Amino acid sequence: MQAVRVRIFGQVQGVGYRQWVEVTARANGLTGWVRNRADGSVEAIFQGTVVQVQQIVADCRRGPISARVSHVESEEVSFDPALAASFVRLSTV
């Protein structure tokens, strides 16, 4: 299993980006969370197989049709068993 923290920048708030991430992650069997950040970016933790995680990171570079992604930063993080049950949308930080 792999875990990755992702930050997505651009026009990604107020366009349904978090909802799109949540639906896409769940549909592909990933666990973790997604949230808006006060700086206008979106942050997420994705946990799943290497293939699943690589695919959603690639998908995040495109996002939903209403978003305009300028760039995506990602880093591998430790797998957290506490996040392994589901994928959730969190409040803005």
# chains A, B, ... in the order shown; residues from 1 in each chain; ligands from 1
>>> closest_atom_pairs(of="region 1-21 of chain A", to="region 36-53 of chain A", cutoff="6 Å", atoms="only C-alpha atoms", output="Markdown table")
| residue | atom | partner | partner_atom | distance |
| --- | --- | --- | --- | --- |
| A:Met1 | CA | A:Thr49 | CA | 4.8 |
| A:Gln2 | CA | A:Val50 | CA | 5.5 |
| A:Ala3 | CA | A:Gln47 | CA | 4.4 |
| A:Val4 | CA | A:Phe46 | CA | 5.4 |
| A:Arg5 | CA | A:Ile45 | CA | 4.5 |
| A:Val6 | CA | A:Ala44 | CA | 5.2 |
| A:Arg7 | CA | A:Glu43 | CA | 4.5 |
| A:Ile8 | CA | A:Val42 | CA | 5.1 |
| A:Phe9 | CA | A:Ser41 | CA | 4.8 |
>>> write_last_selection(atoms="C-alpha atoms", output="JSON list (two decimals), in the first residue's frame")
[["chain", "number", "residue", "atom", "x", "y", "z"],
["A", 1, "MET", "CA", 0.00, 0.00, 0.00],
["A", 2, "GLN", "CA", 1.06, 3.55, -0.71],
["A", 3, "ALA", "CA", 0.09, 6.88, 0.84],
["A", 4, "VAL", "CA", 0.62, 10.28, -0.79],
["A", 5, "ARG", "CA", -0.12, 13.85, 0.32],
["A", 6, "VAL", "CA", -1.13, 16.07, -2.61],
["A", 7, "ARG", "CA", -1.55, 19.85, -2.89],
["A", 8, "ILE", "CA", -3.43, 21.13, -5.93],
["A", 9, "PHE", "CA", -3.05, 24.78, -6.98]]
>>> select_by_dssp(residues="region 19-88 of chain A", states="strand (DSSP E or B)", output="list in words")
Thr31, Gly32, Trp33, Val34, Arg35, Asn36, Val42, Glu43, Ala44, Ile45, Phe46, Gln47, Gly48, Arg68, Val69, Ser70, His71, Val72, Glu73, Ser74, Glu75, Glu76, Phe87 and Val88 of chain A
>>> residues_around(residues="Arg68 (chain A)", least_positions_apart="2", cutoff="12 Å", atoms="only C-alpha atoms", output="PyMOL selection string")
chain A and resi 8-17+41+60-66+70-72
>>> select_by_dssp(residues="region 1-85 of chain A", states="alpha helix (DSSP H)", output="list in words")
Tyr17, Arg18, Gln19, Trp20, Val21, Glu22, Val23, Thr24, Ala25, Arg26, Ala27, Val50, Val51, Gln52, Val53, Gln54, Gln55, Ile56, Val57, Ala58, Asp59, Cys60, Arg61 and Arg62 of chain A
>>> write_last_selection(atoms="C-alpha atoms", output="PDB file, in the first residue's frame")
ATOM      1  CA  TYR A  17     -12.996  20.089  -6.895  1.00  0.00           C
ATOM      2  CA  ARG A  18     -13.295  18.491  -3.440  1.00  0.00           C
ATOM      3  CA  GLN A  19     -16.516  16.730  -4.387  1.00  0.00           C
ATOM      4  CA  TRP A  20     -14.905  15.476  -7.596  1.00  0.00           C
ATOM      5  CA  VAL A  21     -11.892  14.163  -5.636  1.00  0.00           C
ATOM      6  CA  GLU A  22     -14.148  12.444  -3.103  1.00  0.00           C
ATOM      7  CA  VAL A  23     -16.273  10.741  -5.772  1.00  0.00           C
ATOM      8  CA  THR A  24     -13.236   9.763  -7.875  1.00  0.00           C
ATOM      9  CA  ALA A  25     -11.293   8.408  -4.889  1.00  0.00           C
ATOM     10  CA  ARG A  26     -14.218   6.338  -3.631  1.00  0.00           C
ATOM     11  CA  ALA A  27     -14.991   4.993  -7.110  1.00  0.00           C
ATOM     12  CA  VAL A  50       0.668   2.085  -6.042  1.00  0.00           C
ATOM     13  CA  VAL A  51      -1.328   1.947  -9.291  1.00  0.00           C
ATOM     14  CA  GLN A  52      -4.460   3.470  -7.685  1.00  0.00           C
ATOM     15  CA  VAL A  53      -2.487   6.299  -6.077  1.00  0.00           C
ATOM     16  CA  GLN A  54      -0.487   7.084  -9.222  1.00  0.00           C
ATOM     17  CA  GLN A  55      -3.702   7.211 -11.254  1.00  0.00           C
ATOM     18  CA  ILE A  56      -5.527   9.625  -8.948  1.00  0.00           C
ATOM     19  CA  VAL A  57      -2.496  11.916  -8.735  1.00  0.00           C
ATOM     20  CA  ALA A  58      -2.495  12.016 -12.551  1.00  0.00           C
ATOM     21  CA  ASP A  59      -6.265  12.643 -12.515  1.00  0.00           C
ATOM     22  CA  CYS A  60      -5.772  15.547 -10.071  1.00  0.00           C
ATOM     23  CA  ARG A  61      -3.613  17.306 -12.661  1.00  0.00           C
ATOM     24  CA  ARG A  62      -6.750  17.587 -14.813  1.00  0.00           C
TER      25      ARG A  62
END
>>> atom_distance(atom1="CA of Ala67 (chain A)", atom2="CA of Asn28 (chain A)")
20.5 Å
>>> atom_distance(atom1="CA of Gly29 (chain A)", atom2="CA of Thr92 (chain A)")
23.8 Å
